[in-house]
>>> print(open('input_12.json').read())   # JSON, C-alpha atoms
[["chain", "number", "residue", "atom", "x", "y", "z"],
["A", 1, "MET", "CA", 0.00, 0.00, 0.00],
["A", 2, "ASN", "CA", 1.26, 3.47, -0.80],
["A", 3, "GLY", "CA", 1.63, 5.40, 2.44],
["A", 4, "ASP", "CA", 1.56, 8.74, 0.62],
["A", 5, "CYS", "CA", -2.07, 8.17, -0.24],
["A", 6, "MET", "CA", -3.25, 7.43, 3.26],
["A", 7, "GLU", "CA", -5.42, 10.06, 4.87],
["A", 8, "LYS", "CA", -7.27, 9.28, 8.05],
["A", 9, "THR", "CA", -9.17, 12.53, 8.17],
["A", 10, "ASN", "CA", -11.04, 13.92, 5.25],
["A", 11, "HIS", "CA", -12.72, 17.29, 5.61],
["A", 12, "THR", "CA", -14.70, 16.87, 2.45],
["A", 13, "LEU", "CA", -18.45, 17.21, 2.31],
["A", 14, "ILE", "CA", -20.14, 14.97, -0.20],
["A", 15, "VAL", "CA", -23.68, 14.45, -1.45],
["A", 16, "ALA", "CA", -25.30, 11.01, -1.52],
["A", 17, "ASP", "CA", -27.79, 9.36, -3.80],
["A", 18, "ALA", "CA", -29.65, 6.34, -2.41],
["A", 19, "GLY", "CA", -27.76, 3.57, -4.22],
["A", 20, "PRO", "CA", -24.40, 3.59, -2.43],
["A", 21, "LEU", "CA", -26.03, 4.09, 0.99],
["A", 22, "ILE", "CA", -28.24, 1.05, 0.44],
["A", 23, "HIS", "CA", -25.58, -1.12, -1.20],
["A", 24, "LEU", "CA", -22.91, -0.36, 1.37],
["A", 25, "ASP", "CA", -25.37, -1.12, 4.15],
["A", 26, "GLU", "CA", -26.27, -4.41, 2.48],
["A", 27, "LEU", "CA", -22.56, -5.22, 2.85],
["A", 28, "ALA", "CA", -22.51, -3.87, 6.43],
["A", 29, "SER", "CA", -19.87, -1.43, 5.21],
["A", 30, "LEU", "CA", -21.31, 2.05, 5.59],
["A", 31, "ASP", "CA", -18.28, 2.81, 7.74],
["A", 32, "VAL", "CA", -16.21, 3.25, 4.58],
["A", 33, "LEU", "CA", -17.86, 6.69, 4.51],
["A", 34, "SER", "CA", -16.90, 7.46, 8.08],
["A", 35, "ASP", "CA", -13.94, 9.67, 7.20],
["A", 36, "TYR", "CA", -16.03, 12.22, 5.34],
["A", 37, "ALA", "CA", -16.81, 15.34, 7.33],
["A", 38, "GLY", "CA", -20.45, 15.11, 6.34],
["A", 39, "ILE", "CA", -22.68, 13.42, 3.81],
["A", 40, "LEU", "CA", -25.54, 15.59, 2.64],
["A", 41, "VAL", "CA", -28.62, 13.49, 1.96],
["A", 42, "PRO", "CA", -31.33, 15.16, -0.16],
["A", 43, "ASP", "CA", -34.82, 14.93, 1.26],
["A", 44, "ALA", "CA", -36.07, 12.69, -1.58],
["A", 45, "VAL", "CA", -33.12, 10.34, -1.11],
["A", 46, "TRP", "CA", -33.67, 10.29, 2.67],
["A", 47, "ILE", "CA", -37.29, 9.23, 2.12],
["A", 48, "GLU", "CA", -36.26, 6.56, -0.39],
["A", 49, "VAL", "CA", -33.62, 5.11, 1.93],
["A", 50, "GLU", "CA", -36.01, 5.30, 4.89],
["A", 51, "HIS", "CA", -38.49, 3.26, 2.89],
["A", 52, "HIS", "CA", -36.09, 0.57, 1.67],
["A", 53, "ARG", "CA", -33.44, 0.42, 4.38],
["A", 54, "PRO", "CA", -34.31, 2.54, 7.43],
["A", 55, "ARG", "CA", -31.37, 1.33, 9.52],
["A", 56, "VAL", "CA", -28.97, 3.19, 7.19],
["A", 57, "LEU", "CA", -30.17, 6.43, 8.72],
["A", 58, "GLN", "CA", -29.47, 5.29, 12.26],
["A", 59, "GLN", "CA", -25.74, 4.68, 11.80],
["A", 60, "ALA", "CA", -23.75, 6.58, 14.39],
["A", 61, "ASN", "CA", -20.37, 6.33, 12.65],
["A", 62, "VAL", "CA", -21.45, 8.09, 9.45],
["A", 63, "LYS", "CA", -22.42, 11.75, 9.43],
["A", 64, "LEU", "CA", -25.57, 11.76, 7.32],
["A", 65, "ILE", "CA", -27.17, 15.20, 7.16],
["A", 66, "ARG", "CA", -30.74, 15.45, 5.86],
["A", 67, "GLN", "CA", -31.26, 18.39, 3.51],
["A", 68, "PRO", "CA", -34.57, 20.09, 2.75],
["A", 69, "PRO", "CA", -35.67, 19.99, -0.91],
["A", 70, "PRO", "CA", -33.48, 22.46, -2.82],
["A", 71, "PRO", "CA", -34.99, 25.11, -5.06],
["A", 72, "SER", "CA", -35.53, 24.22, -8.69],
["A", 73, "LEU", "CA", -32.43, 25.02, -10.77],
["A", 74, "SER", "CA", -32.55, 25.71, -14.49],
["A", 75, "LYS", "CA", -29.31, 23.77, -15.04],
["A", 76, "ILE", "CA", -30.91, 20.67, -13.52],
["A", 77, "ASN", "CA", -34.24, 21.15, -15.26],
["A", 78, "ALA", "CA", -32.42, 21.38, -18.57],
["A", 79, "ILE", "CA", -30.91, 17.91, -18.22],
["A", 80, "ARG", "CA", -33.54, 16.05, -16.19],
["A", 81, "THR", "CA", -35.41, 14.69, -19.21],
["A", 82, "LEU", "CA", -32.29, 14.02, -21.23],
["A", 83, "TYR", "CA", -30.90, 11.73, -18.53],
["A", 84, "THR", "CA", -34.23, 10.50, -17.10],
["A", 85, "LEU", "CA", -33.20, 11.66, -13.65],
["A", 86, "HIS", "CA", -35.24, 10.63, -10.64],
["A", 87, "HIS", "CA", -36.39, 13.07, -8.00],
["A", 88, "GLY", "CA", -33.59, 12.13, -5.61],
["A", 89, "GLU", "CA", -30.92, 12.36, -8.28],
["A", 90, "ARG", "CA", -32.14, 15.82, -9.28],
["A", 91, "GLU", "CA", -32.07, 17.01, -5.68],
["A", 92, "ALA", "CA", -28.61, 15.51, -5.17],
["A", 93, "LEU", "CA", -27.19, 17.30, -8.21],
["A", 94, "ALA", "CA", -28.89, 20.54, -7.18],
["A", 95, "LEU", "CA", -27.33, 20.30, -3.70],
["A", 96, "CYS", "CA", -23.89, 19.84, -5.27],
["A", 97, "LEU", "CA", -24.39, 23.02, -7.29],
["A", 98, "ILE", "CA", -25.91, 25.07, -4.47],
["A", 99, "HIS", "CA", -23.25, 24.16, -1.89],
["A", 100, "SER", "CA", -20.37, 23.97, -4.42],
["A", 101, "ILE", "CA", -19.75, 20.35, -3.46],
["A", 102, "ASN", "CA", -17.76, 18.53, -6.08],
["A", 103, "MET", "CA", -18.53, 14.95, -5.17],
["A", 104, "LEU", "CA", -21.65, 12.91, -5.60],
["A", 105, "ILE", "CA", -21.89, 9.26, -4.65],
["A", 106, "THR", "CA", -24.27, 7.36, -6.91],
["A", 107, "ASP", "CA", -24.50, 4.00, -8.64],
["A", 108, "ASP", "CA", -26.79, 5.20, -11.38],
["A", 109, "THR", "CA", -25.23, 5.57, -14.83],
["A", 110, "ALA", "CA", -27.55, 8.37, -15.92],
["A", 111, "ALA", "CA", -26.91, 10.32, -12.73],
["A", 112, "ARG", "CA", -23.17, 9.92, -13.25],
["A", 113, "LEU", "CA", -23.49, 11.13, -16.80],
["A", 114, "ALA", "CA", -25.51, 14.12, -15.65],
["A", 115, "ALA", "CA", -22.91, 14.84, -12.95],
["A", 116, "LYS", "CA", -20.17, 14.78, -15.57],
["A", 117, "THR", "CA", -22.12, 17.28, -17.65],
["A", 118, "LEU", "CA", -22.23, 19.57, -14.62],
["A", 119, "ASN", "CA", -18.52, 19.06, -13.81],
["A", 120, "ILE", "CA", -19.32, 17.20, -10.61],
["A", 121, "LYS", "CA", -17.20, 14.17, -9.73],
["A", 122, "ALA", "CA", -19.27, 11.04, -9.16],
["A", 123, "HIS", "CA", -18.27, 7.74, -7.61],
["A", 124, "GLY", "CA", -20.11, 4.60, -6.70],
["A", 125, "THR", "CA", -20.12, 1.66, -4.33],
["A", 126, "LEU", "CA", -17.20, -0.14, -5.98],
["A", 127, "GLY", "CA", -14.96, 2.91, -5.90],
["A", 128, "LEU", "CA", -15.85, 3.62, -2.30],
["A", 129, "LEU", "CA", -15.04, 0.06, -1.24],
["A", 130, "ILE", "CA", -11.67, 0.08, -3.01],
["A", 131, "ARG", "CA", -10.90, 3.55, -1.67],
["A", 132, "ALA", "CA", -11.35, 2.13, 1.83],
["A", 133, "ILE", "CA", -8.08, 0.21, 1.38],
["A", 134, "ARG", "CA", -5.97, 3.26, 0.60],
["A", 135, "GLN", "CA", -7.74, 5.25, 3.31],
["A", 136, "ASP", "CA", -6.83, 2.47, 5.74],
["A", 137, "LEU", "CA", -10.47, 1.96, 6.69],
["A", 138, "ARG", "CA", -10.52, -1.67, 5.55],
["A", 139, "THR", "CA", -7.86, -4.24, 4.76],
["A", 140, "LEU", "CA", -7.29, -5.66, 1.30],
["A", 141, "SER", "CA", -8.73, -9.03, 2.29],
["A", 142, "GLU", "CA", -11.81, -7.42, 3.83],
["A", 143, "VAL", "CA", -12.51, -5.44, 0.68],
["A", 144, "LEU", "CA", -11.94, -8.46, -1.55],
["A", 145, "ALA", "CA", -14.46, -10.41, 0.55],
["A", 146, "LEU", "CA", -16.95, -7.57, 0.16],
["A", 147, "LEU", "CA", -16.43, -7.41, -3.60],
["A", 148, "TYR", "CA", -16.99, -11.16, -3.88],
["A", 149, "ALA", "CA", -20.17, -10.81, -1.79],
["A", 150, "ILE", "CA", -21.78, -8.18, -4.03],
["A", 151, "PRO", "CA", -23.83, -10.56, -6.23],
["A", 152, "GLN", "CA", -25.30, -12.55, -3.33],
["A", 153, "GLN", "CA", -25.58, -9.89, -0.67],
["A", 154, "THR", "CA", -26.60, -6.74, -2.49],
["A", 155, "THR", "CA", -29.07, -5.30, -4.96],
["A", 156, "LEU", "CA", -26.19, -3.76, -6.95],
["A", 157, "HIS", "CA", -26.27, -5.30, -10.40],
["A", 158, "ILE", "CA", -22.96, -5.75, -12.17],
["A", 159, "ARG", "CA", -21.94, -8.15, -14.92],
["A", 160, "PRO", "CA", -20.10, -11.03, -13.18],
["A", 161, "SER", "CA", -17.13, -11.02, -15.58],
["A", 162, "LEU", "CA", -16.65, -7.27, -15.04],
["A", 163, "LEU", "CA", -16.76, -7.75, -11.28],
["A", 164, "ASN", "CA", -14.13, -10.47, -11.62],
["A", 165, "ASP", "CA", -11.96, -8.08, -13.66],
["A", 166, "VAL", "CA", -12.29, -5.46, -10.93],
["A", 167, "ILE", "CA", -11.32, -7.99, -8.25],
["A", 168, "SER", "CA", -8.28, -9.02, -10.32],
["A", 169, "GLN", "CA", -7.22, -5.38, -10.71],
["A", 170, "VAL", "CA", -7.44, -4.81, -6.97],
["A", 171, "LYS", "CA", -5.46, -7.98, -6.22],
["A", 172, "THR", "CA", -2.76, -7.06, -8.76],
["A", 173, "GLU", "CA", -2.48, -3.52, -7.44],
["A", 174, "PHE", "CA", -1.94, -4.55, -3.85],
["A", 175, "SER", "CA", -0.02, -7.83, -4.31],
["B", 1, "MET", "CA", -41.93, -8.27, -33.35],
["B", 2, "ASN", "CA", -43.56, -7.39, -30.07],
["B", 3, "HIS", "CA", -43.23, -9.20, -26.79],
["B", 4, "THR", "CA", -45.79, -9.17, -24.01],
["B", 5, "VAL", "CA", -44.61, -8.66, -20.44],
["B", 6, "GLN", "CA", -46.40, -8.56, -17.12],
["B", 7, "ALA", "CA", -45.03, -6.19, -14.52],
["B", 8, "GLU", "CA", -46.18, -4.57, -11.30],
["B", 9, "ILE", "CA", -45.86, -0.80, -11.13],
["B", 10, "PRO", "CA", -46.65, 1.55, -8.23],
["B", 11, "TYR", "CA", -50.31, 2.61, -8.25],
["B", 12, "GLN", "CA", -49.51, 6.32, -8.26],
["B", 13, "LEU", "CA", -47.26, 5.93, -11.29],
["B", 14, "TRP", "CA", -49.97, 4.03, -13.13],
["B", 15, "GLN", "CA", -52.52, 6.69, -12.21],
["B", 16, "GLU", "CA", -50.29, 9.50, -13.49],
["B", 17, "ALA", "CA", -49.72, 7.64, -16.74],
["B", 18, "GLN", "CA", -53.46, 7.07, -17.15],
["B", 19, "THR", "CA", -54.09, 10.78, -16.63],
["B", 20, "LEU", "CA", -51.61, 11.62, -19.41],
["B", 21, "VAL", "CA", -53.46, 9.27, -21.74],
["B", 22, "GLN", "CA", -56.92, 10.57, -20.75],
["B", 23, "GLN", "CA", -55.83, 14.17, -21.28],
["B", 24, "GLY", "CA", -54.45, 13.33, -24.69],
["B", 25, "TRP", "CA", -50.76, 13.83, -23.88],
["B", 26, "ALA", "CA", -49.99, 10.24, -24.74],
["B", 27, "CYS", "CA", -51.61, 7.77, -27.09],
["B", 28, "SER", "CA", -51.71, 4.82, -24.72],
["B", 29, "LEU", "CA", -50.18, 3.32, -21.61],
["B", 30, "GLN", "CA", -48.19, 1.02, -23.86],
["B", 31, "ASP", "CA", -46.68, 4.02, -25.67],
["B", 32, "ILE", "CA", -45.64, 5.53, -22.34],
["B", 33, "ILE", "CA", -44.01, 2.31, -21.21],
["B", 34, "ASN", "CA", -42.21, 1.91, -24.54],
["B", 35, "GLU", "CA", -40.96, 5.49, -24.40],
["B", 36, "ALA", "CA", -39.85, 5.12, -20.78],
["B", 37, "LEU", "CA", -37.95, 1.93, -21.62],
["B", 38, "HIS", "CA", -36.28, 3.58, -24.62],
["B", 39, "ARG", "CA", -35.16, 6.53, -22.52],
["B", 40, "TYR", "CA", -33.87, 4.33, -19.70],
["B", 41, "ILE", "CA", -31.91, 2.11, -22.07],
["B", 42, "GLU", "CA", -30.44, 5.11, -23.91],
["B", 43, "SER", "CA", -29.18, 6.66, -20.68],
["B", 44, "HIS", "CA", -27.93, 3.38, -19.17],
["B", 45, "GLN", "CA", -25.90, 1.93, -22.02],
["B", 46, "GLU", "CA", -23.63, -0.89, -20.97],
["B", 47, "ILE", "CA", -20.53, 0.70, -22.47],
["B", 48, "LEU", "CA", -21.13, 3.80, -20.37],
["B", 49, "THR", "CA", -21.79, 1.85, -17.16],
["B", 50, "GLU", "CA", -18.58, -0.11, -17.67],
["B", 51, "ALA", "CA", -16.58, 3.04, -18.34],
["B", 52, "PHE", "CA", -17.86, 4.59, -15.10],
["B", 53, "ILE", "CA", -17.00, 1.44, -13.15],
["B", 54, "GLN", "CA", -13.46, 1.52, -14.55],
["B", 55, "GLU", "CA", -13.18, 5.18, -13.56],
["B", 56, "ASP", "CA", -14.39, 4.21, -10.12],
["B", 57, "VAL", "CA", -11.78, 1.49, -9.75],
["B", 58, "GLU", "CA", -9.03, 3.88, -10.86],
["B", 59, "TRP", "CA", -10.22, 6.45, -8.32],
["B", 60, "GLY", "CA", -10.53, 3.83, -5.63],
["B", 61, "LEU", "CA", -6.98, 2.63, -6.24],
["B", 62, "HIS", "CA", -5.18, 5.90, -6.99],
["B", 63, "GLY", "CA", -7.44, 8.85, -6.15],
["B", 64, "LYS", "CA", -6.34, 11.53, -3.74],
["B", 65, "ASP", "CA", -9.66, 12.17, -2.05]]
>>> encode(input="input_12.json", output="structure tokens")
Amino acid sequence: MNGDCMEKTNHTLIVADAGPLIHLDELASLDVLSDYAGILVPDAVWIEVEHHRPRVLQQANVKLIRQPPPPSLSKINAIRTLYTLHHGEREALALCLIHSINMLITDDTAARLAAKTLNIKAHGTLGLLIRAIRQDLRTLSEVLALLYAIPQQTTLHIRPSLLNDVISQVKTEFS
Amino acid sequence: MNHTVQAEIPYQLWQEAQTLVQQGWACSLQDIINEALHRYIESHQEILTEAFIQEDVEWGLHGKD
């Protein structure tokens, strides 16, 4: 592991879509978000997570901050139809713009594409799990076990051969 | 060639779609479902999803944040 990359404290605020919160919780791994200073959760996303996986919102080690619905933004309205964005995704992108937050966590391809259009960095469950190794939040073997568990333990859909490629890349990188 | 599928959708969604049809904004429920599927598939192309996952892995391994 490269020691230069290790950072125990991260003062970054990020915005969350429902996917990573739900998928990480399905893997009992929400703590990989514990080094972020705060995770803004749009109201629509909060309601969605509360409906599907209420225990996510009771985690003490992750700083989830519920946000009231943001005002309608023309930039978001302009792309909402193009990318078939859901309510929560629209609110999440709007929060990024309003608070000048340059990081959205989402597992939705269209939301990621929309984020790219708006110059917002977007990352998903896989990236967050792998990041946990370099942030020293999880060991390599723990993360590999979590990656292997994705098809059985989560509602995150990923082509099995691609997941195997990802696992191989992680093994090669850290071996 | 068409294919028939049976799917459950939330009642409110169905109601909103029916309203669009009744008010003349859409031809039929089937048209709405076809259009919705087209839009979803267009914005969730496999090549794009894979590219984002590769970006994610790269960030996970070598990112600075």
>>> interface_residues(input="input_12.json", of="chain B", to="chain A", cutoff="6 Å", atoms="all atoms listed in the file", output="PyMOL selection string")
chain B and resi 43-44+49+56-57+60
>>> atom_distance(input="input_12.json", atom1="CA of Glu55 (chain B)", atom2="CA of Leu144 (chain A)")
18.2 Å
>>> atom_distance(input="input_12.json", atom1="CA of Thr106 (chain A)", atom2="CA of Ile9 (chain B)")
23.5 Å
>>> closest_residue(input="input_12.json", among="A:Glu48, A:Leu24, A:Val15, A:Val62", to="Thr154 (chain A)", atoms="only C-alpha atoms")
A:Leu24
>>> atom_distance(input="input_12.json", atom1="CA of Arg55 (chain A)", atom2="CA of Lys121 (chain A)")
27.1 Å
>>> closest_residue(input="input_12.json", among="B:Ala7, B:Ala17, B:Leu61, B:Met1", to="Glu35 (chain B)", atoms="only C-alpha atoms")
B:Ala17
>>> closest_residue(input="input_12.json", among="A:Arg138, A:His99, A:His86, A:Arg53", to="Pro70 (chain A)", atoms="only C-alpha atoms")
A:His99
>>> residues_around(input="input_12.json", residues="His23 (chain A)", least_positions_apart="5", cutoff="9 Å", atoms="all atoms listed in the file", output="list in words")
Ala18, Ala28, Ser29, Leu30, Thr125, Ile150, Gln153, Thr154, Thr155 and Leu156 of chain A
>>> axis_aligned_box(input="input_12.json", around="region 30-43 of chain B", padding_each_side="8 Å", output="JSON")
{"center_x": -38.7, "center_y": 3.8, "center_z": -22.7, "size_x": 35.0, "size_y": 21.6, "size_z": 22.0}
>>> decode(input="input_12.json", residues="region 11-47 of chain A", atoms="N, CA and C atoms", output="PDB file, in the first residue's frame")
ATOM      1  N   HIS A  11     -11.804  16.202   5.230  1.00  0.00           N
ATOM      2  CA  HIS A  11     -12.716  17.288   5.609  1.00  0.00           C
ATOM      3  C   HIS A  11     -13.759  17.561   4.529  1.00  0.00           C
ATOM      4  N   THR A  12     -13.810  16.660   3.582  1.00  0.00           N
ATOM      5  CA  THR A  12     -14.697  16.874   2.446  1.00  0.00           C
ATOM      6  C   THR A  12     -16.159  16.597   2.781  1.00  0.00           C
ATOM      7  N   LEU A  13     -17.011  17.473   2.281  1.00  0.00           N
ATOM      8  CA  LEU A  13     -18.451  17.206   2.312  1.00  0.00           C
ATOM      9  C   LEU A  13     -18.823  16.575   0.981  1.00  0.00           C
ATOM     10  N   ILE A  14     -19.681  15.588   1.038  1.00  0.00           N
ATOM     11  CA  ILE A  14     -20.141  14.972  -0.205  1.00  0.00           C
ATOM     12  C   ILE A  14     -21.669  14.897  -0.189  1.00  0.00           C
ATOM     13  N   VAL A  15     -22.225  14.607  -1.345  1.00  0.00           N
ATOM     14  CA  VAL A  15     -23.684  14.450  -1.449  1.00  0.00           C
ATOM     15  C   VAL A  15     -23.969  13.003  -1.850  1.00  0.00           C
ATOM     16  N   ALA A  16     -24.996  12.424  -1.250  1.00  0.00           N
ATOM     17  CA  ALA A  16     -25.296  11.013  -1.517  1.00  0.00           C
ATOM     18  C   ALA A  16     -26.616  10.816  -2.240  1.00  0.00           C
ATOM     19  N   ASP A  17     -26.575   9.909  -3.201  1.00  0.00           N
ATOM     20  CA  ASP A  17     -27.787   9.357  -3.803  1.00  0.00           C
ATOM     21  C   ASP A  17     -28.085   8.068  -3.008  1.00  0.00           C
ATOM     22  N   ALA A  18     -29.248   7.484  -3.247  1.00  0.00           N
ATOM     23  CA  ALA A  18     -29.653   6.344  -2.406  1.00  0.00           C
ATOM     24  C   ALA A  18     -28.802   5.085  -2.631  1.00  0.00           C
ATOM     25  N   GLY A  19     -28.423   4.835  -3.883  1.00  0.00           N
ATOM     26  CA  GLY A  19     -27.760   3.570  -4.224  1.00  0.00           C
ATOM     27  C   GLY A  19     -26.605   3.178  -3.314  1.00  0.00           C
ATOM     28  N   PRO A  20     -25.541   3.985  -3.249  1.00  0.00           N
ATOM     29  CA  PRO A  20     -24.397   3.592  -2.428  1.00  0.00           C
ATOM     30  C   PRO A  20     -24.742   3.413  -0.943  1.00  0.00           C
ATOM     31  N   LEU A  21     -25.653   4.236  -0.422  1.00  0.00           N
ATOM     32  CA  LEU A  21     -26.031   4.089   0.990  1.00  0.00           C
ATOM     33  C   LEU A  21     -26.668   2.716   1.214  1.00  0.00           C
ATOM     34  N   ILE A  22     -27.551   2.343   0.312  1.00  0.00           N
ATOM     35  CA  ILE A  22     -28.241   1.052   0.442  1.00  0.00           C
ATOM     36  C   ILE A  22     -27.262  -0.106   0.196  1.00  0.00           C
ATOM     37  N   HIS A  23     -26.482  -0.009  -0.858  1.00  0.00           N
ATOM     38  CA  HIS A  23     -25.584  -1.122  -1.203  1.00  0.00           C
ATOM     39  C   HIS A  23     -24.486  -1.320  -0.163  1.00  0.00           C
ATOM     40  N   LEU A  24     -23.942  -0.217   0.340  1.00  0.00           N
ATOM     41  CA  LEU A  24     -22.909  -0.359   1.374  1.00  0.00           C
ATOM     42  C   LEU A  24     -23.507  -0.951   2.643  1.00  0.00           C
ATOM     43  N   ASP A  25     -24.735  -0.554   2.965  1.00  0.00           N
ATOM     44  CA  ASP A  25     -25.371  -1.120   4.155  1.00  0.00           C
ATOM     45  C   ASP A  25     -25.661  -2.607   3.967  1.00  0.00           C
ATOM     46  N   GLU A  26     -26.032  -2.989   2.750  1.00  0.00           N
ATOM     47  CA  GLU A  26     -26.267  -4.414   2.483  1.00  0.00           C
ATOM     48  C   GLU A  26     -24.992  -5.226   2.734  1.00  0.00           C
ATOM     49  N   LEU A  27     -23.853  -4.554   2.589  1.00  0.00           N
ATOM     50  CA  LEU A  27     -22.563  -5.215   2.850  1.00  0.00           C
ATOM     51  C   LEU A  27     -22.052  -4.917   4.254  1.00  0.00           C
ATOM     52  N   ALA A  28     -22.898  -4.291   5.073  1.00  0.00           N
ATOM     53  CA  ALA A  28     -22.509  -3.875   6.428  1.00  0.00           C
ATOM     54  C   ALA A  28     -21.214  -3.070   6.396  1.00  0.00           C
ATOM     55  N   SER A  29     -21.120  -2.164   5.431  1.00  0.00           N
ATOM     56  CA  SER A  29     -19.873  -1.425   5.211  1.00  0.00           C
ATOM     57  C   SER A  29     -20.061   0.074   5.089  1.00  0.00           C
ATOM     58  N   LEU A  30     -21.102   0.591   5.669  1.00  0.00           N
ATOM     59  CA  LEU A  30     -21.310   2.046   5.595  1.00  0.00           C
ATOM     60  C   LEU A  30     -20.141   2.815   6.203  1.00  0.00           C
ATOM     61  N   ASP A  31     -19.402   2.143   7.076  1.00  0.00           N
ATOM     62  CA  ASP A  31     -18.283   2.813   7.744  1.00  0.00           C
ATOM     63  C   ASP A  31     -17.187   3.247   6.770  1.00  0.00           C
ATOM     64  N   VAL A  32     -17.219   2.768   5.527  1.00  0.00           N
ATOM     65  CA  VAL A  32     -16.210   3.254   4.577  1.00  0.00           C
ATOM     66  C   VAL A  32     -16.443   4.735   4.240  1.00  0.00           C
ATOM     67  N   LEU A  33     -17.578   5.255   4.693  1.00  0.00           N
ATOM     68  CA  LEU A  33     -17.862   6.690   4.506  1.00  0.00           C
ATOM     69  C   LEU A  33     -17.548   7.495   5.768  1.00  0.00           C
ATOM     70  N   SER A  34     -17.011   6.804   6.770  1.00  0.00           N
ATOM     71  CA  SER A  34     -16.900   7.458   8.084  1.00  0.00           C
ATOM     72  C   SER A  34     -15.861   8.570   8.132  1.00  0.00           C
ATOM     73  N   ASP A  35     -14.952   8.619   7.154  1.00  0.00           N
ATOM     74  CA  ASP A  35     -13.938   9.675   7.200  1.00  0.00           C
ATOM     75  C   ASP A  35     -14.383  10.972   6.519  1.00  0.00           C
ATOM     76  N   TYR A  36     -15.536  10.973   5.922  1.00  0.00           N
ATOM     77  CA  TYR A  36     -16.028  12.223   5.345  1.00  0.00           C
ATOM     78  C   TYR A  36     -16.609  13.115   6.438  1.00  0.00           C
ATOM     79  N   ALA A  37     -16.349  14.397   6.300  1.00  0.00           N
ATOM     80  CA  ALA A  37     -16.805  15.343   7.331  1.00  0.00           C
ATOM     81  C   ALA A  37     -18.326  15.345   7.442  1.00  0.00           C
ATOM     82  N   GLY A  38     -18.994  15.158   6.336  1.00  0.00           N
ATOM     83  CA  GLY A  38     -20.452  15.112   6.337  1.00  0.00           C
ATOM     84  C   GLY A  38     -20.957  14.616   4.997  1.00  0.00           C
ATOM     85  N   ILE A  39     -22.077  13.928   5.043  1.00  0.00           N
ATOM     86  CA  ILE A  39     -22.681  13.420   3.808  1.00  0.00           C
ATOM     87  C   ILE A  39     -24.076  14.014   3.718  1.00  0.00           C
ATOM     88  N   LEU A  40     -24.246  14.954   2.793  1.00  0.00           N
ATOM     89  CA  LEU A  40     -25.544  15.593   2.638  1.00  0.00           C
ATOM     90  C   LEU A  40     -26.496  14.630   1.921  1.00  0.00           C
ATOM     91  N   VAL A  41     -27.640  14.412   2.539  1.00  0.00           N
ATOM     92  CA  VAL A  41     -28.622  13.489   1.958  1.00  0.00           C
ATOM     93  C   VAL A  41     -29.863  14.300   1.571  1.00  0.00           C
ATOM     94  N   PRO A  42     -30.139  14.408   0.266  1.00  0.00           N
ATOM     95  CA  PRO A  42     -31.328  15.162  -0.163  1.00  0.00           C
ATOM     96  C   PRO A  42     -32.594  14.550   0.433  1.00  0.00           C
ATOM     97  N   ASP A  43     -33.570  15.381   0.643  1.00  0.00           N
ATOM     98  CA  ASP A  43     -34.819  14.927   1.256  1.00  0.00           C
ATOM     99  C   ASP A  43     -35.413  13.719   0.519  1.00  0.00           C
ATOM    100  N   ALA A  44     -35.471  13.792  -0.801  1.00  0.00           N
ATOM    101  CA  ALA A  44     -36.068  12.695  -1.580  1.00  0.00           C
ATOM    102  C   ALA A  44     -35.283  11.396  -1.415  1.00  0.00           C
ATOM    103  N   VAL A  45     -33.960  11.527  -1.304  1.00  0.00           N
ATOM    104  CA  VAL A  45     -33.117  10.341  -1.105  1.00  0.00           C
ATOM    105  C   VAL A  45     -33.333   9.788   0.304  1.00  0.00           C
ATOM    106  N   TRP A  46     -33.438  10.695   1.273  1.00  0.00           N
ATOM    107  CA  TRP A  46     -33.673  10.285   2.671  1.00  0.00           C
ATOM    108  C   TRP A  46     -34.952   9.441   2.747  1.00  0.00           C
ATOM    109  N   ILE A  47     -35.991   9.932   2.095  1.00  0.00           N
ATOM    110  CA  ILE A  47     -37.294   9.229   2.122  1.00  0.00           C
ATOM    111  C   ILE A  47     -37.171   7.859   1.439  1.00  0.00           C
TER     112      ILE A  47
END
